[in-house]
Number of protein chains: 4
Amino acid sequence: MSRIQLTLVQIDNYGPWTVTPAPRRETDLQTLQSRLYADLSQFVGHYDCYIFFTRFDNMLAVTNGMDRAAHRRLQETVRNRYPVTVSLSTAAAESPVDALETASIQLQRAGSAQDRDRREILRIEETADTDDRLHIAHFDVNDVTEDYTDEINAFDTFIEIEQAYASLMRYFRHEYDGLSFFVGGDNIIAACPELTENAYRDAIAHVRGSVDVELKVGVGRAPRAQPAGMAAKHALETCRSDGSIVEFARPTA
Amino acid sequence: MSRIQLTLVQIDNYGPWTVTPAPRRETDLQTLQSRLYADLSQFVGHYDCYIFFTRFDNMLAVTNGMDRAAHRRLQETVRNRYPVTVSLSTAAAESPVDALETASIQLQRAGSAQDRDRREILRIEETADTDDRLHIAHFDVNDVTEDYTDEINAFDTFIEIEQAYASLMRYFRHEYDGLSFFVGGDNIIAACPELTENAYRDAIAHVRGSVDVELKVGVGRAPRAQPAGMAAKHALETCRSDGSIVEFARPTA
Amino acid sequence: MSRIQLTLVQIDNYGPWTVTPAPRRETDLQTLQSRLYADLSQFVGHYDCYIFFTRFDNMLAVTNGMDRAAHRRLQETVRNRYPVTVSLSTAAAESPVDALETASIQLQRAGSAQDRDRREILRIEETADTDDRLHIAHFDVNDVTEDYTDEINAFDTFIEIEQAYASLMRYFRHEYDGLSFFVGGDNIIAACPELTENAYRDAIAHVRGSVDVELKVGVGRAPRAQPAGMAAKHALETCRSDGSIVEFARPTA
Amino acid sequence: MSRIQLTLVQIDNYGPWTVTPAPRRETDLQTLQSRLYADLSQFVGHYDCYIFFTRFDNMLAVTNGMDRAAHRRLQETVRNRYPVTVSLSTAAAESPVDALETASIQLQRAGSAQDRDRREILRIEETADTDDRLHIAHFDVNDVTEDYTDEINAFDTFIEIEQAYASLMRYFRHEYDGLSFFVGGDNIIAACPELTENAYRDAIAHVRGSVDVELKVGVGRAPRAQPAGMAAKHALETCRSDGSIVEFARPTA
């Protein structure tokens, strides 16, 4: 069945830490955050999972295939190598929004994100099974290099991409229960429930209508995020070669 | 005088590289991008400069104080440690938008971002002087932990922050020639021209009106990004303690 | 049975690369090497394996539990994130020296380490089974902080440790077929065949006699390097508290 | 005049930390140590300085050109990004051994390396001037790939290099007051006082006589480590092309 497991990763008491005893140097904070994200990306990659940087102090991971021991090991390696610790909350559901809702509530019940005594919480409500399937959609912007990067200034290009992302992330979440994440360049990757081609066409039309940016999308389905995401990338290559705007990969498993 | 130097950092031919000979593993790309950004953050930090990840394949840095030799050294260290190379284009102007416009055009004239033969371009039109001053504004969201993180699910909190950022980045660029960047958590840092308190109040009101998120801001001014940004952080702490929404730091130099 | 799997990791054509087209900046090379090692350490850690930096351009890993797919994935992640590639050669035997001998020959037969066309070789002769056991010994220097670090200058302390290591590594390899590696501080970790307590006592006596440094050692045994090494660390803590010089951990599995 | 500035970098209370509350996972410790070293290498590289990993918990840097503010900034960035802190002690002298002796004593007087309350010590006795010159020697092993790497097993090659290093480091320190460091591959870099060609020939002959390994060396001289070291590398290339065993670079400044 279609079922996705999400893990909310939250740096413990991070906001207060960044300004205690005085505001810390921004370039150090940026380095800390992006390296922590990079390490977690390699970590979950070992389980064929994905993690998105989101707000950096709160990250979201698609963790079908990661069990409790793997989550504990993740907390251990952060504790051993960083000046901060992380709390984790995991849940699984047919829809990404439902899974995240449960994961968020579990963590909120354990205490505030800025509670000094709430450290290294681990809540795992329920996990996905090996015969569950999840869906990953990979969007990008049509002709971004030709129409934007090589034509207008770098910030104005970035404005277009951000408007598209802000539009898609909200619409897709409220209409289709999908969680979409900007991952650099002109790429947006979404954790999705099972959706029809029309749903994707509608979301793309919504972005076109609201901010006048043209997206296309490849969709993959697999027991874990990495093969689903890789199938989505290949489907997106098919969009590129065929000029289509929605492509579903053949099921890989 | 008020004058800012910006450097556009562009990974050469990155898009094609990510799918050649076949799409590369997403967790590796995420690790590569975020570590490259982290390294550049440490690098420019040595000159008391700032860099923003922006799209990761195109990054923007405030580089008052970095000369041509420093830019060359940055290209060298990337070439020595990464599978990709970077092109750099630098310009200075009273307004960040003008500086960026020049920097973007310089790089576009050297060839497309996806031209295989365009590698390690270095264009430096004009640089800021040691007696020039630049402005950094540090925005955050009021009560984000209490009102969002601890209350609603992690993605819905992120939606609010992204809508606020998408609204601010566009308005602030078009109305006030400022370039604003999401830097994690609920923080947005902007490279600004010299602006009045009313300009900041107006930008904050625009965001409140359009997406119903309350921002506050601290503003700093200095010869380089780091001291200006640190002054802005301290001014933001004053907002926090005094309940104000705009605070200017006393000039540090 | 007692059987260890070793992987020789060799950066392809590294020597020539470091001086082409001209000698590269030493601090960049040091960063590249130590980060590559750090990444590989995290990578093999996922399989509860160990890797030693050795010469950095040639590293040795104890890889019981890593199959061909894991080795391929290691090559892929290096290729995706570094300017260099690695070749791997793996073999298993009762004695570490025999395993390494086979692994070395396999790689030498594939071409010279400085052959430009020999890239990303993968040779896996034979692997260990899940019911095989390996032995890890963890040595350190008695009272290194009290007798050396806090008493004589930092380089003279380092000379003592290096002499001890140079003495142990040679003797232990030739007399007992064990491969020992300096891992920082005053610590030496060895991949060993099954050895008696007297063998360890003899090796320690040899070091005492030749360079007048006092070692002690904890020994662990398990199906993989990490639990064996962790058991060895705990055994070494027993040496510390009991004043003994050789301790065997109870078998963990 | 010939005068070298050395900084001893010591991780505070590191030994106890690695086993508190229980021994930490070795692969995490290896990652922590080697990444910290990599970061410090990039850091000091900005000042054209060198750092050597030595024991990892105690590192040595050649810091001509780094002032007190730079040392403070180094401590700050470690504190902001790692779970450990570092103490620094700096001194300058005509001979590297004298400088290190002073630096070591300064730090020892501040308390034990395993004192829990001794954190982030900064002792700077005296620094080098911009008109001082230092000497860097870069040694390597003749024909290491042809005679060793491609011929005997990887550990036996490593034994040869380690014996050569252990022999050189001790002899060179006691006879010529030079501090030599293994830096990977078959490379040894030494911080030296001003020495004659005969001194280098004698050291090489000592290594040949004691462990039967043939070294050659290039020597550079400059106000800072990086240009001196780069000159030494070029001189070593001259050895390679001319078949000589000692080459002095022409003074670069």
# chains A, B, ... in the order shown; residues from 1 in each chain; ligands from 1
$ select_by_dssp --residues "stretch 91-223 of chain B" --states "strand (DSSP E or B)" --output "PyMOL selection string"
chain B and resi 91-93+122-124+133-141+179-184+187-192+215-222
$ write_last_selection --atoms "N, CA and C atoms" --output "mmCIF file, in the first residue's frame"
data_model
loop_
_atom_site.group_PDB
_atom_site.id
_atom_site.type_symbol
_atom_site.label_atom_id
_atom_site.label_comp_id
_atom_site.auth_asym_id
_atom_site.auth_seq_id
_atom_site.Cartn_x
_atom_site.Cartn_y
_atom_site.Cartn_z
ATOM 1 N N ALA B 91 30.993 43.321 -8.542
ATOM 2 C CA ALA B 91 30.816 44.740 -8.851
ATOM 3 C C ALA B 91 30.407 45.468 -7.585
ATOM 4 N N ALA B 92 30.582 46.771 -7.582
ATOM 5 C CA ALA B 92 30.218 47.584 -6.426
ATOM 6 C C ALA B 92 29.342 48.748 -6.876
ATOM 7 N N ALA B 93 28.390 49.120 -6.010
ATOM 8 C CA ALA B 93 27.518 50.248 -6.326
ATOM 9 C C ALA B 93 26.864 50.731 -5.040
ATOM 10 N N LEU B 122 36.604 35.015 -14.044
ATOM 11 C CA LEU B 122 36.773 35.962 -12.938
ATOM 12 C C LEU B 122 36.626 37.368 -13.499
ATOM 13 N N ARG B 123 35.520 38.032 -13.149
ATOM 14 C CA ARG B 123 35.291 39.392 -13.628
ATOM 15 C C ARG B 123 35.125 40.291 -12.404
ATOM 16 N N ILE B 124 35.988 41.267 -12.302
ATOM 17 C CA ILE B 124 35.869 42.217 -11.197
ATOM 18 C C ILE B 124 35.873 43.622 -11.786
ATOM 19 N N ARG B 133 30.811 52.289 3.324
ATOM 20 C CA ARG B 133 30.002 51.625 4.341
ATOM 21 C C ARG B 133 28.878 50.850 3.662
ATOM 22 N N LEU B 134 28.517 49.713 4.262
ATOM 23 C CA LEU B 134 27.387 48.952 3.732
ATOM 24 C C LEU B 134 26.392 48.699 4.863
ATOM 25 N N HIS B 135 25.175 48.333 4.501
ATOM 26 C CA HIS B 135 24.125 48.109 5.482
ATOM 27 C C HIS B 135 23.617 46.677 5.421
ATOM 28 N N ILE B 136 23.510 46.076 6.593
ATOM 29 C CA ILE B 136 22.934 44.743 6.700
ATOM 30 C C ILE B 136 21.721 44.818 7.634
ATOM 31 N N ALA B 137 20.604 44.242 7.188
ATOM 32 C CA ALA B 137 19.399 44.174 8.032
ATOM 33 C C ALA B 137 19.140 42.713 8.382
ATOM 34 N N HIS B 138 18.835 42.475 9.637
ATOM 35 C CA HIS B 138 18.536 41.107 10.079
ATOM 36 C C HIS B 138 17.081 41.060 10.573
ATOM 37 N N PHE B 139 16.251 40.371 9.826
ATOM 38 C CA PHE B 139 14.832 40.215 10.162
ATOM 39 C C PHE B 139 14.595 38.887 10.860
ATOM 40 N N ASP B 140 13.630 38.849 11.788
ATOM 41 C CA ASP B 140 13.090 37.538 12.151
ATOM 42 C C ASP B 140 11.591 37.634 12.405
ATOM 43 N N VAL B 141 10.983 36.468 12.625
ATOM 44 C CA VAL B 141 9.537 36.395 12.816
ATOM 45 C C VAL B 141 9.230 36.492 14.312
ATOM 46 N N LEU B 179 18.449 43.282 -1.183
ATOM 47 C CA LEU B 179 18.461 41.851 -1.514
ATOM 48 C C LEU B 179 18.385 41.056 -0.216
ATOM 49 N N SER B 180 17.300 40.311 -0.062
ATOM 50 C CA SER B 180 17.126 39.598 1.207
ATOM 51 C C SER B 180 17.223 38.083 1.007
ATOM 52 N N PHE B 181 17.746 37.411 2.028
ATOM 53 C CA PHE B 181 18.085 35.992 1.936
ATOM 54 C C PHE B 181 17.622 35.249 3.175
ATOM 55 N N PHE B 182 16.919 34.156 2.982
ATOM 56 C CA PHE B 182 16.562 33.280 4.091
ATOM 57 C C PHE B 182 17.832 32.557 4.536
ATOM 58 N N VAL B 183 18.092 32.579 5.840
ATOM 59 C CA VAL B 183 19.335 31.967 6.331
ATOM 60 C C VAL B 183 19.090 30.872 7.361
ATOM 61 N N GLY B 184 17.853 30.377 7.436
ATOM 62 C CA GLY B 184 17.557 29.304 8.376
ATOM 63 C C GLY B 184 16.733 29.800 9.550
ATOM 64 N N ASN B 187 14.980 33.419 10.212
ATOM 65 C CA ASN B 187 15.870 34.555 9.980
ATOM 66 C C ASN B 187 16.029 34.893 8.507
ATOM 67 N N ILE B 188 15.969 36.173 8.219
ATOM 68 C CA ILE B 188 16.219 36.684 6.877
ATOM 69 C C ILE B 188 17.253 37.800 7.010
ATOM 70 N N ILE B 189 18.316 37.706 6.244
ATOM 71 C CA ILE B 189 19.345 38.749 6.277
ATOM 72 C C ILE B 189 19.324 39.461 4.936
ATOM 73 N N ALA B 190 19.367 40.807 4.984
ATOM 74 C CA ALA B 190 19.291 41.575 3.746
ATOM 75 C C ALA B 190 20.493 42.492 3.584
ATOM 76 N N ALA B 191 20.999 42.545 2.347
ATOM 77 C CA ALA B 191 21.984 43.545 1.949
ATOM 78 C C ALA B 191 21.196 44.742 1.439
ATOM 79 N N CYS B 192 21.415 45.910 2.042
ATOM 80 C CA CYS B 192 20.543 47.058 1.791
ATOM 81 C C CYS B 192 21.326 48.293 1.385
ATOM 82 N N LEU B 215 7.074 40.537 11.196
ATOM 83 C CA LEU B 215 8.534 40.574 11.262
ATOM 84 C C LEU B 215 9.004 41.722 12.146
ATOM 85 N N LYS B 216 10.247 41.620 12.573
ATOM 86 C CA LYS B 216 10.945 42.770 13.167
ATOM 87 C C LYS B 216 12.349 42.771 12.579
ATOM 88 N N VAL B 217 13.067 43.892 12.734
ATOM 89 C CA VAL B 217 14.365 43.984 12.057
ATOM 90 C C VAL B 217 15.361 44.834 12.842
ATOM 91 N N GLY B 218 16.613 44.399 12.829
ATOM 92 C CA GLY B 218 17.732 45.193 13.325
ATOM 93 C C GLY B 218 18.621 45.542 12.147
ATOM 94 N N VAL B 219 19.187 46.750 12.150
ATOM 95 C CA VAL B 219 19.978 47.222 11.013
ATOM 96 C C VAL B 219 21.352 47.673 11.488
ATOM 97 N N GLY B 220 22.404 47.210 10.784
ATOM 98 C CA GLY B 220 23.764 47.617 11.127
ATOM 99 C C GLY B 220 24.468 48.209 9.919
ATOM 100 N N ARG B 221 25.510 48.972 10.192
ATOM 101 C CA ARG B 221 26.251 49.679 9.145
ATOM 102 C C ARG B 221 27.723 49.609 9.505
ATOM 103 N N ALA B 222 28.547 49.214 8.549
ATOM 104 C CA ALA B 222 29.980 49.071 8.825
ATOM 105 C C ALA B 222 30.716 48.946 7.499
#
$ residues_around --residues "D:Ala205" --least-positions-apart "6" --cutoff "10 Å" --atoms "only C-alpha atoms" --output "short mmCIF file (atom, residue, chain, number, x, y, z; two decimals) with N, CA and C atoms, in the first residue's frame"
data_model
loop_
_atom_site.label_atom_id
_atom_site.label_comp_id
_atom_site.auth_asym_id
_atom_site.auth_seq_id
_atom_site.Cartn_x
_atom_site.Cartn_y
_atom_site.Cartn_z
N LEU D 168 63.94 9.80 10.85
CA LEU D 168 64.23 11.20 10.51
C LEU D 168 63.77 12.15 11.60
N ALA D 199 73.97 19.43 6.18
CA ALA D 199 73.07 18.99 7.24
C ALA D 199 71.97 18.10 6.65
N ASP D 212 67.44 2.03 5.70
CA ASP D 212 67.60 1.69 4.30
C ASP D 212 66.48 2.24 3.41
N VAL D 213 66.06 3.46 3.66
CA VAL D 213 65.10 4.13 2.77
C VAL D 213 65.78 5.40 2.24
N GLU D 214 65.60 5.64 0.94
CA GLU D 214 66.25 6.78 0.28
C GLU D 214 65.32 7.98 0.21
N LEU D 215 65.71 9.06 0.86
CA LEU D 215 64.92 10.29 0.80
C LEU D 215 65.62 11.31 -0.10
#
$ interface_residues --of "chain D" --to "chain C" --cutoff "6 Å" --atoms "only C-alpha atoms" --output "PyMOL selection string"
chain D and resi 27+31+34-35+38+41+45+55-57+101+104+108+112+150+153+163+166+184-185
$ write_last_selection --atoms "N, CA and C atoms" --output "PDB file, in the first residue's frame"
ATOM      1  N   THR D  27      34.688   5.466  14.908  1.00  0.00           N
ATOM      2  CA  THR D  27      34.545   6.142  13.612  1.00  0.00           C
ATOM      3  C   THR D  27      34.103   7.598  13.795  1.00  0.00           C
ATOM      4  N   THR D  31      36.354  10.829  12.662  1.00  0.00           N
ATOM      5  CA  THR D  31      35.758  11.876  11.841  1.00  0.00           C
ATOM      6  C   THR D  31      35.938  13.235  12.505  1.00  0.00           C
ATOM      7  N   SER D  34      39.716  14.332  12.289  1.00  0.00           N
ATOM      8  CA  SER D  34      40.273  14.659  10.976  1.00  0.00           C
ATOM      9  C   SER D  34      39.552  15.862  10.369  1.00  0.00           C
ATOM     10  N   ARG D  35      38.285  16.049  10.716  1.00  0.00           N
ATOM     11  CA  ARG D  35      37.613  17.259  10.224  1.00  0.00           C
ATOM     12  C   ARG D  35      38.093  18.507  10.958  1.00  0.00           C
ATOM     13  N   ALA D  38      41.229  19.351   9.318  1.00  0.00           N
ATOM     14  CA  ALA D  38      40.974  19.921   7.981  1.00  0.00           C
ATOM     15  C   ALA D  38      40.533  21.379   8.092  1.00  0.00           C
ATOM     16  N   SER D  41      43.414  23.518   9.026  1.00  0.00           N
ATOM     17  CA  SER D  41      44.319  23.657   7.891  1.00  0.00           C
ATOM     18  C   SER D  41      43.827  24.767   6.960  1.00  0.00           C
ATOM     19  N   GLY D  45      45.631  28.368   6.582  1.00  0.00           N
ATOM     20  CA  GLY D  45      45.984  28.605   5.183  1.00  0.00           C
ATOM     21  C   GLY D  45      45.650  30.027   4.736  1.00  0.00           C
ATOM     22  N   ARG D  55      49.504  14.451  16.635  1.00  0.00           N
ATOM     23  CA  ARG D  55      48.721  13.451  17.362  1.00  0.00           C
ATOM     24  C   ARG D  55      47.222  13.722  17.257  1.00  0.00           C
ATOM     25  N   PHE D  56      46.816  14.728  16.517  1.00  0.00           N
ATOM     26  CA  PHE D  56      45.414  15.146  16.352  1.00  0.00           C
ATOM     27  C   PHE D  56      44.878  15.841  17.606  1.00  0.00           C
ATOM     28  N   ASP D  57      45.140  15.287  18.796  1.00  0.00           N
ATOM     29  CA  ASP D  57      44.689  16.007  19.998  1.00  0.00           C
ATOM     30  C   ASP D  57      45.689  17.110  20.366  1.00  0.00           C
ATOM     31  N   GLU D 101      59.530  24.648  22.660  1.00  0.00           N
ATOM     32  CA  GLU D 101      59.807  24.457  24.089  1.00  0.00           C
ATOM     33  C   GLU D 101      59.078  25.542  24.901  1.00  0.00           C
ATOM     34  N   SER D 104      55.301  25.034  24.755  1.00  0.00           N
ATOM     35  CA  SER D 104      54.846  23.900  25.570  1.00  0.00           C
ATOM     36  C   SER D 104      54.823  24.270  27.048  1.00  0.00           C
ATOM     37  N   GLN D 108      51.719  24.193  29.683  1.00  0.00           N
ATOM     38  CA  GLN D 108      51.787  23.317  30.857  1.00  0.00           C
ATOM     39  C   GLN D 108      51.572  24.131  32.141  1.00  0.00           C
ATOM     40  N   SER D 112      46.984  21.161  33.511  1.00  0.00           N
ATOM     41  CA  SER D 112      47.121  19.900  32.793  1.00  0.00           C
ATOM     42  C   SER D 112      46.203  19.851  31.575  1.00  0.00           C
ATOM     43  N   ASP D 150      53.667  -0.419  -5.918  1.00  0.00           N
ATOM     44  CA  ASP D 150      53.292  -1.362  -6.972  1.00  0.00           C
ATOM     45  C   ASP D 150      53.953  -2.733  -6.798  1.00  0.00           C
ATOM     46  N   ASN D 153      53.133  -5.383  -0.409  1.00  0.00           N
ATOM     47  CA  ASN D 153      51.780  -5.086   0.047  1.00  0.00           C
ATOM     48  C   ASN D 153      51.710  -3.732   0.735  1.00  0.00           C
ATOM     49  N   GLN D 163      59.116   3.775   9.257  1.00  0.00           N
ATOM     50  CA  GLN D 163      60.454   3.627   9.838  1.00  0.00           C
ATOM     51  C   GLN D 163      61.325   4.813   9.421  1.00  0.00           C
ATOM     52  N   ALA D 166      60.105   7.799  11.472  1.00  0.00           N
ATOM     53  CA  ALA D 166      60.500   7.713  12.882  1.00  0.00           C
ATOM     54  C   ALA D 166      61.992   8.000  13.037  1.00  0.00           C
ATOM     55  N   GLY D 184      51.332  12.428   4.727  1.00  0.00           N
ATOM     56  CA  GLY D 184      50.581  11.584   3.804  1.00  0.00           C
ATOM     57  C   GLY D 184      51.431  11.148   2.632  1.00  0.00           C
ATOM     58  N   GLY D 185      51.038  10.064   1.986  1.00  0.00           N
ATOM     59  CA  GLY D 185      51.798   9.532   0.853  1.00  0.00           C
ATOM     60  C   GLY D 185      53.174   9.119   1.325  1.00  0.00           C
TER      61      GLY D 185
END
$ select_by_dssp --residues "stretch 23-248 of chain B" --states "helix (DSSP H, G or I)" --output "count of residues only"
110
$ atom_distance --atom1 "atom CA of B:Arg81" --atom2 "atom CA of C:Pro83"
6.0 Å
$ residues_around --residues "A:Thr85" --least-positions-apart "2" --cutoff "6 Å" --atoms "only C-alpha atoms" --output "PyMOL selection string"
chain A and resi 11-12+79
$ residues_around --residues "A:Thr63" --least-positions-apart "2" --cutoff "8 Å" --atoms "only C-alpha atoms" --output "PyMOL selection string"
chain A and resi 4-7+44+47+49-50+61+65-66+224-225
$ write_last_selection --atoms "N, CA and C atoms" --output "tab-separated table (two decimals), in the first residue's frame"
chain	number	residue	atom	x	y	z
A	4	ILE	N	3.92	6.46	3.78
A	4	ILE	CA	5.19	7.17	3.88
A	4	ILE	C	5.54	7.39	5.34
A	5	GLN	N	6.82	7.25	5.64
A	5	GLN	CA	7.31	7.46	7.00
A	5	GLN	C	8.13	8.75	7.02
A	6	LEU	N	7.78	9.67	7.90
A	6	LEU	CA	8.49	10.94	7.97
A	6	LEU	C	9.15	11.10	9.34
A	7	THR	N	10.33	11.71	9.34
A	7	THR	CA	10.99	12.04	10.60
A	7	THR	C	11.24	13.54	10.66
A	44	VAL	N	21.27	9.47	6.18
A	44	VAL	CA	20.01	8.85	5.75
A	44	VAL	C	20.16	8.21	4.37
A	47	TYR	N	20.46	4.55	4.11
A	47	TYR	CA	19.23	3.77	4.20
A	47	TYR	C	18.34	4.03	2.98
A	49	CYS	N	17.26	6.85	2.16
A	49	CYS	CA	16.27	7.85	2.56
A	49	CYS	C	16.69	9.23	2.07
A	50	TYR	N	15.77	10.18	2.19
A	50	TYR	CA	16.02	11.57	1.82
A	50	TYR	C	15.82	12.45	3.04
A	61	ALA	N	12.67	14.48	7.01
A	61	ALA	CA	13.25	13.35	6.29
A	61	ALA	C	12.17	12.33	5.93
A	65	GLY	N	12.31	2.67	5.88
A	65	GLY	CA	13.51	1.84	5.90
A	65	GLY	C	14.44	2.14	7.06
A	66	MET	N	14.20	3.22	7.78
A	66	MET	CA	15.04	3.52	8.95
A	66	MET	C	14.29	3.13	10.22
A	224	ARG	N	11.44	2.93	-0.97
A	224	ARG	CA	12.25	3.92	-0.25
A	224	ARG	C	12.42	5.19	-1.09
A	225	ALA	N	12.84	6.25	-0.42
A	225	ALA	CA	12.90	7.55	-1.08
A	225	ALA	C	13.90	7.59	-2.23
$ atom_distance --atom1 "atom CA of C:Thr20" --atom2 "atom CA of C:Gln106"
27.6 Å
$ atom_distance --atom1 "atom CA of C:Val246" --atom2 "atom CA of D:Asn13"
25.4 Å
